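Novice: Below is the file input12.tsv, which contains TSV, C-alpha atoms.
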chain	number	residue	atom	x	y	z
A	1	MET	CA	-3.80	-23.01	-5.68
A	2	HIS	CA	-0.32	-22.28	-4.38
A	3	ALA	CA	1.17	-22.47	-7.86
A	4	HIS	CA	-1.53	-20.16	-9.15
A	5	ALA	CA	-0.76	-17.62	-6.42
A	6	GLU	CA	2.93	-17.84	-7.24
A	7	ARG	CA	2.21	-17.29	-10.91
A	8	LEU	CA	0.03	-14.27	-10.06
A	9	ALA	CA	2.72	-12.79	-7.81
A	10	GLY	CA	5.33	-13.43	-10.48
A	11	SER	CA	3.26	-11.69	-13.14
A	12	LEU	CA	2.75	-8.70	-10.82
A	13	VAL	CA	6.49	-8.44	-10.21
A	14	THR	CA	7.19	-8.67	-13.93
A	15	ALA	CA	4.60	-5.99	-14.65
A	16	ASP	CA	6.18	-3.79	-11.98
A	17	LEU	CA	9.63	-4.23	-13.48
A	18	GLU	CA	8.33	-3.30	-16.91
A	19	LEU	CA	6.66	-0.22	-15.47
A	20	GLU	CA	9.86	0.72	-13.68
A	21	ARG	CA	11.84	0.45	-16.88
A	22	GLU	CA	9.30	2.47	-18.78
A	23	PHE	CA	9.18	5.17	-16.14
A	24	GLU	CA	12.96	5.37	-16.04
A	25	ALA	CA	12.99	5.93	-19.80
A	26	ARG	CA	10.37	8.68	-19.44
A	27	LEU	CA	12.34	10.27	-16.64
A	28	ALA	CA	15.51	10.43	-18.71
A	29	ASP	CA	13.54	11.76	-21.66
A	30	SER	CA	11.43	14.40	-19.92
A	31	SER	CA	13.33	15.62	-16.87
A	32	ARG	CA	14.79	18.64	-18.66
A	33	LEU	CA	11.42	19.52	-20.14
A	34	ALA	CA	9.81	19.48	-16.69
A	35	PHE	CA	12.61	21.60	-15.30
A	36	ARG	CA	12.33	24.18	-18.05
A	37	VAL	CA	8.57	24.42	-17.76
A	38	ALA	CA	8.95	25.04	-14.04
A	39	PHE	CA	11.79	27.48	-14.67
A	40	SER	CA	9.71	29.49	-17.12
A	41	VAL	CA	7.31	30.24	-14.28
A	42	LEU	CA	9.62	30.48	-11.30
A	43	ARG	CA	12.90	31.69	-12.84
A	44	GLN	CA	14.84	30.21	-9.98
A	45	ARG	CA	16.88	27.09	-10.54
A	46	GLU	CA	16.41	25.59	-7.06
A	47	ASP	CA	12.68	26.16	-7.01
A	48	ALA	CA	12.31	24.84	-10.55
A	49	GLU	CA	14.25	21.69	-9.67
A	50	ASP	CA	12.12	21.16	-6.58
A	51	VAL	CA	8.91	21.55	-8.52
A	52	ALA	CA	10.07	19.26	-11.33
A	53	GLN	CA	11.03	16.67	-8.75
A	54	GLU	CA	7.64	16.90	-7.06
A	55	ALA	CA	5.91	16.60	-10.40
A	56	PHE	CA	7.87	13.45	-11.21
A	57	ALA	CA	7.07	11.97	-7.79
A	58	LYS	CA	3.40	12.63	-8.39
A	59	ALA	CA	3.63	11.18	-11.86
A	60	TYR	CA	5.40	8.10	-10.50
A	61	ARG	CA	2.65	7.39	-8.00
A	62	SER	CA	-0.01	7.39	-10.70
A	63	PHE	CA	2.02	6.14	-13.63
A	64	ASN	CA	0.41	2.71	-13.73
A	65	GLN	CA	-3.02	4.33	-13.91
A	66	LEU	CA	-2.09	6.34	-16.98
A	67	ARG	CA	-3.92	4.54	-19.78
A	68	ASP	CA	-2.15	6.14	-22.71
A	69	ARG	CA	1.52	6.23	-21.81
A	70	THR	CA	2.37	8.15	-24.97
A	71	ARG	CA	0.59	11.09	-23.32
A	72	PHE	CA	3.09	11.11	-20.46
A	73	ARG	CA	4.94	14.23	-21.57
A	74	ALA	CA	1.73	16.22	-21.96
A	75	TRP	CA	0.53	15.01	-18.57
A	76	LEU	CA	3.85	15.91	-16.97
A	77	VAL	CA	3.95	19.36	-18.58
A	78	ARG	CA	0.47	20.27	-17.36
A	79	MET	CA	1.19	18.96	-13.88
A	80	THR	CA	4.52	20.80	-13.66
A	81	TRP	CA	2.96	24.00	-14.94
A	82	ARG	CA	0.20	23.89	-12.30
A	83	MET	CA	2.62	23.07	-9.52
A	84	ALA	CA	5.00	25.82	-10.59
A	85	LEU	CA	2.17	28.36	-10.56
A	86	ASP	CA	1.21	27.20	-7.07
A	87	ARG	CA	4.81	27.56	-5.93
A	88	GLN	CA	5.01	31.02	-7.49
A	89	ARG	CA	1.91	32.14	-5.60
A	90	ALA	CA	3.32	30.74	-2.36
A	91	ASN	CA	6.65	32.50	-2.97
A	92	ARG	CA	4.90	35.80	-3.59
A	93	ARG	CA	2.88	35.48	-0.41
A	94	ARG	CA	6.04	34.67	1.52
A	95	LEU	CA	7.94	37.60	-0.01
A	96	ALA	CA	5.09	39.97	0.77
A	97	ARG	CA	5.36	39.01	4.44
A	98	GLU	CA	9.09	39.62	4.54
A	99	LEU	CA	10.81	42.98	5.02
A	100	PRO	CA	11.07	45.29	2.00
A	101	GLY	CA	14.88	44.97	1.93
A	102	GLU	CA	14.63	41.20	1.74
A	103	VAL	CA	12.02	41.50	-0.97
A	104	GLU	CA	14.45	43.62	-2.97
A	105	ALA	CA	17.25	41.09	-2.38
A	106	GLY	CA	14.98	38.25	-3.47
A	107	PHE	CA	13.98	40.16	-6.56
A	108	GLN	CA	17.62	40.80	-7.44
A	109	ALA	CA	18.48	37.13	-6.95
A	110	ARG	CA	15.61	36.16	-9.21
A	111	LEU	CA	16.75	38.67	-11.76
A	112	ASN	CA	20.24	37.20	-11.77
A	113	THR	CA	19.16	33.59	-11.96
A	114	GLY	CA	16.65	34.42	-14.65
A	115	LEU	CA	19.50	35.28	-16.94
A	116	GLU	CA	21.27	32.00	-16.76
A	117	GLY	CA	19.99	31.01	-20.15
A	118	VAL	CA	21.35	34.09	-21.84
A	119	GLN	CA	24.53	33.29	-23.71
A	120	GLN	CA	27.78	34.54	-22.32
A	121	ARG	CA	28.66	38.01	-23.52
A	122	GLU	CA	32.18	39.32	-23.72
A	123	THR	CA	31.84	42.71	-22.09
A	124	THR	CA	30.23	43.94	-18.91
A	125	ALA	CA	28.08	46.38	-20.86
A	126	ASP	CA	26.74	43.53	-22.91
A	127	ILE	CA	25.95	41.54	-19.79
A	128	VAL	CA	24.07	44.46	-18.26
A	129	ALA	CA	22.17	45.05	-21.47
A	130	ALA	CA	21.32	41.37	-21.78
A	131	ARG	CA	20.06	41.32	-18.20
A	132	GLU	CA	17.83	44.25	-18.89
A	133	ARG	CA	16.46	42.73	-22.07
A	134	ALA	CA	15.85	39.37	-20.44
A	135	GLU	CA	14.09	40.99	-17.52
A	136	HIS	CA	11.77	42.87	-19.85
A	137	LEU	CA	11.17	39.74	-21.87
A	138	TRP	CA	10.21	37.78	-18.74
A	139	LYS	CA	7.91	40.57	-17.62
A	140	ALA	CA	6.24	40.58	-21.02
A	141	ILE	CA	5.82	36.80	-20.97
A	142	GLU	CA	4.39	36.92	-17.44
A	143	ALA	CA	1.89	39.54	-18.52
A	144	LEU	CA	0.43	37.21	-21.16
A	145	PRO	CA	-2.79	35.32	-20.45
A	146	GLU	CA	-2.03	31.83	-19.18
A	147	LYS	CA	-3.02	29.97	-22.35
A	148	LEU	CA	-0.83	32.16	-24.53
A	149	ARG	CA	1.97	32.07	-22.05
A	150	LEU	CA	2.12	28.28	-21.98
A	151	VAL	CA	2.16	28.10	-25.77
A	152	VAL	CA	5.03	30.59	-25.99
A	153	VAL	CA	7.00	28.72	-23.34
A	154	LEU	CA	6.50	25.30	-24.89
A	155	ALA	CA	7.32	26.59	-28.36
A	156	GLY	CA	10.50	28.12	-26.98
A	157	ILE	CA	11.64	24.94	-25.23
A	158	GLU	CA	13.64	22.28	-27.04
A	159	GLY	CA	12.56	23.55	-30.44
A	160	HIS	CA	9.03	22.16	-30.26
A	161	ASP	CA	7.05	22.70	-33.45
A	162	LEU	CA	3.33	23.46	-33.64
A	163	HIS	CA	2.38	19.80	-33.80
A	164	GLU	CA	4.43	18.92	-30.73
A	165	VAL	CA	3.05	21.86	-28.74
A	166	GLY	CA	-0.47	20.82	-29.75
A	167	ALA	CA	0.22	17.29	-28.57
A	168	LEU	CA	1.60	18.55	-25.26
A	169	LEU	CA	-1.40	20.78	-24.65
A	170	ASP	CA	-3.92	18.38	-26.16
A	171	VAL	CA	-5.22	21.06	-28.53
A	172	PRO	CA	-5.37	21.15	-32.35
A	173	GLU	CA	-2.42	22.50	-34.27
A	174	GLY	CA	-4.54	25.40	-35.58
A	175	THR	CA	-5.30	26.50	-32.02
A	176	VAL	CA	-1.61	26.49	-31.19
A	177	LYS	CA	-0.89	28.54	-34.29
A	178	SER	CA	-3.48	31.20	-33.47
A	179	ARG	CA	-2.42	31.36	-29.82
A	180	LEU	CA	1.19	31.70	-30.81
A	181	PHE	CA	0.33	34.44	-33.25
A	182	LEU	CA	-1.58	36.38	-30.57
A	183	ALA	CA	1.15	35.85	-28.01
A	184	ARG	CA	3.89	37.06	-30.36
A	185	LYS	CA	1.85	40.07	-31.30
A	186	GLN	CA	1.44	41.09	-27.67
A	187	LEU	CA	5.08	40.42	-26.93
A	188	LYS	CA	6.22	42.52	-29.88
A	189	GLU	CA	4.08	45.40	-28.74
A	190	ARG	CA	5.55	45.24	-25.27
A	191	LEU	CA	9.11	44.77	-26.44
A	192	SER	CA	9.17	47.22	-29.34
A	193	TRP	CA	11.54	49.45	-27.35
A	194	MET	CA	14.26	46.81	-27.84
A	195	VAL	CA	14.39	47.51	-31.57
A	196	THR	CA	14.12	51.24	-31.01
A	197	SER	CA	17.01	51.28	-28.59
A	198	GLU	CA	19.16	49.12	-30.85
A	199	ARG	CA	18.90	51.62	-33.68
B	1	MET	CA	18.74	55.90	-31.20
B	2	ASP	CA	16.53	57.82	-33.58
B	3	GLY	CA	13.25	57.23	-31.76
B	4	HIS	CA	11.75	55.46	-34.75
B	5	LYS	CA	9.78	52.37	-33.68
B	6	ARG	CA	10.27	49.16	-35.58
B	7	THR	CA	8.56	45.86	-34.99
B	8	LEU	CA	10.46	42.99	-33.48
B	9	SER	CA	10.84	40.18	-35.98
B	10	ASP	CA	9.54	36.70	-35.20
B	11	GLU	CA	13.01	35.24	-35.51
B	12	MET	CA	14.46	37.75	-33.12
B	13	LEU	CA	11.70	37.20	-30.62
B	14	GLU	CA	12.08	33.44	-30.84
B	15	ARG	CA	15.80	33.78	-30.35
B	16	GLU	CA	15.28	35.88	-27.24
B	17	ILE	CA	12.71	33.47	-25.82
B	18	GLU	CA	14.81	30.40	-26.55
B	19	ALA	CA	17.80	32.06	-24.95
B	20	ALA	CA	15.78	32.94	-21.87
B	21	LEU	CA	14.34	29.43	-21.59
B	22	GLY	CA	17.48	27.55	-22.56
B	23	VAL	CA	18.46	26.93	-18.97
B	24	ASP	CA	19.68	23.49	-17.99
B	25	PRO	CA	19.18	21.99	-14.55
B	26	SER	CA	22.17	21.53	-12.29
B	27	PRO	CA	24.23	18.32	-12.73
B	28	GLU	CA	22.88	17.05	-9.40
B	29	PHE	CA	19.31	17.31	-10.57
B	30	LEU	CA	19.02	13.95	-12.34
B	31	PRO	CA	20.73	11.89	-9.59
B	32	ARG	CA	18.56	13.64	-7.00
B	33	LEU	CA	15.48	12.89	-9.07
B	34	ARG	CA	16.43	9.22	-9.34
B	35	ALA	CA	17.05	9.03	-5.59
B	36	ARG	CA	13.64	10.54	-4.97
B	37	MET	CA	12.02	8.00	-7.27
B	38	ALA	CA	13.83	5.22	-5.41
B	39	SER	CA	12.47	6.47	-2.09
B	40	GLU	CA	8.98	6.69	-3.60
B	41	ARG	CA	9.38	3.10	-4.76
B	42	LEU	CA	10.32	1.99	-1.24
B	43	ASN	CA	7.60	3.99	0.47
B	44	GLU	CA	4.61	3.45	-1.73
B	45	GLY	CA	5.40	1.46	-4.86
B	46	TRP	CA	2.83	1.27	-7.59
B	47	VAL	CA	-0.72	1.82	-6.52
B	48	ARG	CA	-2.89	-0.92	-8.02
B	49	PRO	CA	-6.50	0.17	-8.23
B	50	GLY	CA	-7.61	-3.37	-9.11
B	51	LEU	CA	-6.10	-4.82	-5.96
B	52	TRP	CA	-7.60	-2.08	-3.83
B	53	ARG	CA	-10.98	-2.77	-5.35
B	54	TRP	CA	-10.73	-6.47	-4.49
B	55	ALA	CA	-9.50	-5.73	-0.99
B	56	GLY	CA	-12.36	-3.27	-0.45
B	57	ALA	CA	-14.90	-5.80	-1.68
B	58	GLY	CA	-13.45	-8.43	0.68
B	59	VAL	CA	-13.68	-6.11	3.67
B	60	ALA	CA	-17.26	-5.19	2.78
B	61	VAL	CA	-18.30	-8.86	2.51
B	62	ALA	CA	-16.63	-9.67	5.83
B	63	ALA	CA	-18.42	-6.74	7.50
B	64	VAL	CA	-21.79	-7.89	6.14
B	65	VAL	CA	-21.24	-11.48	7.30
B	66	ILE	CA	-20.15	-10.41	10.78
B	67	SER	CA	-23.07	-8.01	11.20
B	68	ALA	CA	-25.53	-10.66	9.97
B	69	LEU	CA	-24.17	-13.17	12.48
B	70	TRP	CA	-24.31	-10.58	15.23
B	71	ILE	CA	-27.92	-9.67	14.51
B	72	SER	CA	-29.07	-13.28	14.35
B	73	ASP	CA	-27.25	-14.04	17.60
B	74	ASN	CA	-28.97	-11.17	19.44
B	75	SER	CA	-32.49	-11.44	18.06
B	76	VAL	CA	-33.20	-15.20	18.30
B	77	PRO	CA	-32.85	-16.71	21.77
B	78	ALA	CA	-30.71	-19.78	21.85
B	79	PRO	CA	-32.74	-22.95	22.33
B	80	GLN	CA	-30.43	-24.06	25.13
B	81	GLU	CA	-31.11	-20.83	27.01
B	82	ALA	CA	-34.83	-21.27	26.63
B	83	HIS	CA	-34.40	-24.77	27.98
B	84	LEU	CA	-32.47	-23.42	30.96
B	85	THR	CA	-35.42	-21.35	32.14
B	86	THR	CA	-37.68	-24.41	32.28
B	87	ILE	CA	-35.28	-26.74	34.03
B	88	PRO	CA	-36.60	-27.64	37.50
B	89	PRO	CA	-34.16	-26.88	40.28
B	90	VAL	CA	-31.85	-29.83	40.65
B	91	GLU	CA	-30.13	-28.62	43.74
B	92	PRO	CA	-30.82	-25.55	45.90
B	93	ALA	CA	-27.19	-24.46	45.88
B	94	ARG	CA	-27.39	-24.21	42.12
B	95	ARG	CA	-29.74	-21.24	42.38
B	96	VAL	CA	-27.29	-19.21	44.43
B	97	PRO	CA	-26.37	-16.13	42.42
B	98	GLU	CA	-22.72	-16.04	41.71
B	99	VAL	CA	-20.99	-13.48	43.85
B	100	VAL	CA	-17.44	-12.56	43.09
B	101	ALA	CA	-15.29	-11.20	45.87
B	102	SER	CA	-13.09	-8.21	45.22
B	103	SER	CA	-9.94	-10.07	46.22
B	104	ALA	CA	-8.52	-13.44	45.39
B	105	GLU	CA	-8.76	-14.59	49.03
B	106	SER	CA	-12.45	-15.43	48.87
B	107	PRO	CA	-13.12	-19.11	48.38
B	108	LYS	CA	-14.71	-20.13	45.15
B	109	PRO	CA	-18.00	-21.99	45.41
B	110	ALA	CA	-17.48	-25.67	44.91
B	111	ARG	CA	-19.43	-27.06	42.02
B	112	ALA	CA	-21.66	-29.91	43.09
B	113	SER	CA	-20.96	-33.15	41.37
B	114	GLY	CA	-23.59	-34.43	39.02
B	115	VAL	CA	-25.01	-30.99	38.31
B	116	ARG	CA	-26.04	-30.65	34.72
B	117	THR	CA	-24.15	-27.87	33.01
B	118	VAL	CA	-26.03	-25.95	30.39
B	119	ARG	CA	-23.85	-23.99	28.07
B	120	SER	CA	-25.06	-20.78	26.71
B	121	THR	CA	-24.10	-19.41	23.32
B	122	ARG	CA	-23.86	-15.99	24.85
B	123	ARG	CA	-20.76	-14.68	26.43
B	124	PRO	CA	-20.53	-15.31	30.20
B	125	VAL	CA	-20.08	-11.62	30.92
B	126	GLU	CA	-23.50	-10.86	29.51
B	127	ALA	CA	-25.20	-13.81	31.30
B	128	HIS	CA	-23.82	-13.08	34.79
B	129	PRO	CA	-22.79	-9.53	35.38
B	130	GLU	CA	-19.95	-9.34	37.83
B	131	VAL	CA	-20.84	-8.02	41.29
B	132	VAL	CA	-17.92	-6.78	43.30
B	133	ILE	CA	-18.33	-6.69	47.11
B	134	SER	CA	-15.96	-7.06	50.01
B	135	PRO	CA	-14.77	-10.61	50.85
B	136	ASN	CA	-16.43	-10.57	54.32
B	137	GLU	CA	-19.80	-9.61	52.90
B	138	ALA	CA	-19.45	-12.25	50.22
B	139	MET	CA	-18.72	-14.89	52.83
B	140	ALA	CA	-21.65	-13.77	55.02
B	141	LEU	CA	-23.98	-13.79	52.05
B	142	ARG	CA	-22.91	-17.31	51.09
B	143	GLN	CA	-23.43	-18.54	54.64
B	144	LEU	CA	-26.87	-16.94	54.76
B	145	VAL	CA	-27.90	-18.47	51.47
B	146	ALA	CA	-26.53	-21.85	52.54
B	147	ALA	CA	-28.45	-21.63	55.83
B	148	ILE	CA	-31.66	-20.81	53.96
B	149	ALA	CA	-31.01	-23.70	51.63
B	150	ALA	CA	-30.45	-26.06	54.57
B	151	ARG	CA	-33.69	-24.81	56.17
B	152	GLN	CA	-31.75	-23.56	59.20
B	153	VAL	CA	-33.17	-20.07	58.60
B	154	GLU	CA	-36.54	-19.21	57.11
B	155	ALA	CA	-36.36	-16.61	54.43
B	156	THR	CA	-39.49	-14.89	55.78
B	157	ASP	CA	-37.77	-14.28	59.13
B	158	ILE	CA	-34.85	-12.34	57.62
B	159	PRO	CA	-36.40	-8.83	57.82
B	160	GLN	CA	-37.39	-9.44	61.44
B	161	LEU	CA	-33.93	-10.78	62.31
B	162	ALA	CA	-32.32	-7.81	60.65
B	163	ALA	CA	-34.48	-5.40	62.64
B	164	GLU	CA	-33.67	-7.16	65.91
B	165	SER	CA	-29.96	-7.43	65.32
B	166	ALA	CA	-29.40	-3.79	64.62
B	167	PRO	CA	-31.86	-1.49	66.40
B	168	LEU	CA	-31.74	2.04	65.14
B	169	PRO	CA	-31.01	4.80	67.68
B	170	PRO	CA	-33.94	7.08	68.55
B	171	ILE	CA	-34.11	10.36	66.71
B	172	GLU	CA	-33.25	13.28	68.90
B	173	GLU	CA	-34.46	16.78	68.23
B	174	ILE	CA	-31.72	19.25	67.40
B	175	ILE	CA	-31.93	22.52	69.31
B	176	LEU	CA	-30.02	25.51	68.03
B	177	GLU	CA	-29.09	28.27	70.49
B	178	PRO	CA	-29.74	31.84	69.17
B	179	ILE	CA	-26.55	33.73	68.36
B	180	LYS	CA	-25.89	36.77	70.51
B	181	LEU	CA	-23.97	39.69	69.03
B	182	SER	CA	-22.39	42.22	71.41
B	183	PRO	CA	-22.17	45.85	70.20
B	184	LEU	CA	-18.75	47.11	69.03
B	185	ASP	CA	-18.42	50.03	71.45
B	186	GLY	CA	-14.65	50.36	71.45
B	187	LEU	CA	-14.39	50.42	67.65
B	188	GLU	CA	-17.07	53.09	67.23
B	189	SER	CA	-15.20	55.53	69.50
B	190	GLU	CA	-12.16	55.31	67.19
Would you encode the structure as structure tokens?

Specialist:
Amino acid sequence: MHAHAERLAGSLVTADLELEREFEARLADSSRLAFRVAFSVLRQREDAEDVAQEAFAKAYRSFNQLRDRTRFRAWLVRMTWRMALDRQRANRRRLARELPGEVEAGFQARLNTGLEGVQQRETTADIVAARERAEHLWKAIEALPEKLRLVVVLAGIEGHDLHEVGALLDVPEGTVKSRLFLARKQLKERLSWMVTSER
Amino acid sequence: MDGHKRTLSDEMLEREIEAALGVDPSPEFLPRLRARMASERLNEGWVRPGLWRWAGAGVAVAAVVISALWISDNSVPAPQEAHLTTIPPVEPARRVPEVVASSAESPKPARASGVRTVRSTRRPVEAHPEVVISPNEAMALRQLVAAIAARQVEATDIPQLAAESAPLPPIEEIILEPIKLSPLDGLESE
């Protein structure tokens, strides 16, 4: 009886160690993806890191209940997206309560941090122009319906192709294609001024 | 700027989006994430639904067994208790209800030798509820019961003795004097 209990405990420990190793591999593989998904909603590095961290903590607690571990990335993306939207709503409520000056300061900070992905430009004029373009791009992305928005974001992160985006969203490749087409169409309409001004 | 609208190409749009989303987390992000996972590991560890299910089933079985025992204990009288009610009095002192004094000074009743002890399956608190009275009253009550048991005092004489020992004072009628109010002459003139 005692030996049996020891064997059972030993097998549990071994299973835990295997799970730990597997989770560590997933963490190294998907941490940037989670961060970028959160960043696409929040556009603030600190908030995005917080949300990604929370999403990983949540994923860790339920990792051993995930039957198909190959679906981890998709699971994490959906969880991070939801949590980022929740955080965004909370931030907006908080900003609305604050003074108008602080709201403006917060908006400016968000504007600045939202441009961190834009490549370094040589001149100040270029930087200003890039900021303006990025801000309009973010506004256009935010204006998209949620389903289209998520497809655009995932397709724009880490060079995901249609198949990978479909796997992340658990939808057929054809659905991704049509959503991406609709999203791009709407974005082009909203951002047509960029081409006009470049001429 | 000629005002002529052209459509944004897919490549250009993709480039813009990728540039906007190509943000990397800070270098501290991954170590912080690992530290958080370590704290999660210490606090909660892996949740095992199978183990919880077994633990829940064990608790449920234990609750059912305990409640079944409890019900059977309360509904069926113990045979020893039933026997106790039919036992003829072995000794008069045995029938004295147990009286517990409020302080430790009161002497405990000595148990007579050779008295059969009948154990009850019930808890003693339920069988003999504790009565708390002053030590003097407890002593007097014991002496009275002992005197009755020794036939020094007849139980039928107790009400008469009580009436004789403490006669009540006669009831006197209470007379209330009517209250007289004098007029406030001096105040009215002001």

Novice: Grab the atom CA of Ala155 of chain A to atom CA of Ala134 of chain A distance for me, in Å with one decimal place.

Specialist: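 Separating atom CA of Ala155 of chain A from atom CA of Ala134 of chain A is a distance of 17.3 Å.
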
Novice: Go ahead and compute the interatomic distance for atom CA of Arg53 of chain B and atom CA of Ala59 of chain A, in Å to one decimal.

Specialist: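 Pair atom CA of Arg53 of chain B / atom CA of Ala59 of chain A returns 21.2 Å.
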
Novice: One decimal, Å: what's the distance from atom CA of Arg61 of chain A over to atom CA of Arg21 of chain A, could you say?

Specialist: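 Taking atom CA of Arg61 of chain A and atom CA of Arg21 of chain A, their separation equals 14.5 Å.
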
Novice: Using only C-alpha atoms, which residue out of A:Arg26, A:Arg71, A:Arg45, A:Arg92 lies closest to chain B?

Specialist: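 Smallest distance to chain B is found for A:Arg45.
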
Novice: What's the 12 Å shell around Glu11 of chain B, counting only C-alpha atoms, without same-chain residues fewer than 4 positions away, as a ChimeraX atom specification?

Specialist: /A:156,184,188 /B:7,15-18

Novice: What would the file look like if the residues just selected were written as a PDB file, in the coordinates of the input with C-alpha atoms?

Specialist:
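Dumped to again_30.pdb:
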ATOM      1  CA  GLY A 156      10.500  28.120 -26.980  1.00  0.00           C
ATOM      2  CA  ARG A 184       3.890  37.060 -30.360  1.00  0.00           C
ATOM      3  CA  LYS A 188       6.220  42.520 -29.880  1.00  0.00           C
TER       4      LYS A 188
ATOM      5  CA  THR B   7       8.560  45.860 -34.990  1.00  0.00           C
ATOM      6  CA  ARG B  15      15.800  33.780 -30.350  1.00  0.00           C
ATOM      7  CA  GLU B  16      15.280  35.880 -27.240  1.00  0.00           C
ATOM      8  CA  ILE B  17      12.710  33.470 -25.820  1.00  0.00           C
ATOM      9  CA  GLU B  18      14.810  30.400 -26.550  1.00  0.00           C
TER      10      GLU B  18
END

Novice: Starting from the sparse input, extend segment 39-52 of chain A to N, CA, C and O atoms and give the output as an mmCIF file, keeping the file's coordinate frame.

Specialist:
data_model
loop_
_atom_site.group_PDB
_atom_site.id
_atom_site.type_symbol
_atom_site.label_atom_id
_atom_site.label_comp_id
_atom_site.auth_asym_id
_atom_site.auth_seq_id
_atom_site.Cartn_x
_atom_site.Cartn_y
_atom_site.Cartn_z
ATOM 1 N N PHE A 39 10.921 26.305 -14.675
ATOM 2 C CA PHE A 39 11.790 27.480 -14.670
ATOM 3 C C PHE A 39 11.138 28.672 -15.364
ATOM 4 O O PHE A 39 11.327 29.820 -14.961
ATOM 5 N N SER A 40 10.362 28.390 -16.394
ATOM 6 C CA SER A 40 9.710 29.490 -17.120
ATOM 7 C C SER A 40 8.721 30.231 -16.232
ATOM 8 O O SER A 40 8.412 31.392 -16.478
ATOM 9 N N VAL A 41 8.236 29.576 -15.211
ATOM 10 C CA VAL A 41 7.310 30.240 -14.280
ATOM 11 C C VAL A 41 8.081 30.845 -13.109
ATOM 12 O O VAL A 41 7.855 31.993 -12.730
ATOM 13 N N LEU A 42 8.997 30.078 -12.565
ATOM 14 C CA LEU A 42 9.620 30.480 -11.300
ATOM 15 C C LEU A 42 10.904 31.284 -11.472
ATOM 16 O O LEU A 42 11.239 32.099 -10.610
ATOM 17 N N ARG A 43 11.642 30.993 -12.532
ATOM 18 C CA ARG A 43 12.900 31.690 -12.840
ATOM 19 C C ARG A 43 13.907 31.578 -11.708
ATOM 20 O O ARG A 43 14.693 32.483 -11.472
ATOM 21 N N GLN A 44 13.837 30.504 -11.001
ATOM 22 C CA GLN A 44 14.840 30.210 -9.980
ATOM 23 C C GLN A 44 15.175 28.739 -10.108
ATOM 24 O O GLN A 44 14.271 27.888 -10.060
ATOM 25 N N ARG A 45 16.456 28.466 -10.259
ATOM 26 C CA ARG A 45 16.880 27.090 -10.540
ATOM 27 C C ARG A 45 16.460 26.126 -9.428
ATOM 28 O O ARG A 45 15.897 25.059 -9.699
ATOM 29 N N GLU A 46 16.700 26.511 -8.173
ATOM 30 C CA GLU A 46 16.410 25.590 -7.060
ATOM 31 C C GLU A 46 14.918 25.291 -6.984
ATOM 32 O O GLU A 46 14.507 24.137 -6.842
ATOM 33 N N ASP A 47 14.131 26.346 -7.077
ATOM 34 C CA ASP A 47 12.680 26.160 -7.010
ATOM 35 C C ASP A 47 12.197 25.309 -8.180
ATOM 36 O O ASP A 47 11.339 24.431 -8.015
ATOM 37 N N ALA A 48 12.737 25.586 -9.359
ATOM 38 C CA ALA A 48 12.310 24.840 -10.550
ATOM 39 C C ALA A 48 12.676 23.364 -10.417
ATOM 40 O O ALA A 48 11.887 22.479 -10.775
ATOM 41 N N GLU A 49 13.848 23.093 -9.867
ATOM 42 C CA GLU A 49 14.250 21.690 -9.670
ATOM 43 C C GLU A 49 13.348 21.007 -8.656
ATOM 44 O O GLU A 49 12.949 19.859 -8.846
ATOM 45 N N ASP A 50 13.024 21.725 -7.600
ATOM 46 C CA ASP A 50 12.120 21.160 -6.580
ATOM 47 C C ASP A 50 10.768 20.807 -7.186
ATOM 48 O O ASP A 50 10.227 19.727 -6.948
ATOM 49 N N VAL A 51 10.242 21.759 -7.937
ATOM 50 C CA VAL A 51 8.910 21.550 -8.520
ATOM 51 C C VAL A 51 8.935 20.402 -9.523
ATOM 52 O O VAL A 51 8.039 19.547 -9.535
ATOM 53 N N ALA A 52 9.975 20.364 -10.351
ATOM 54 C CA ALA A 52 10.070 19.260 -11.330
ATOM 55 C C ALA A 52 10.162 17.922 -10.612
ATOM 56 O O ALA A 52 9.546 16.939 -11.027
#
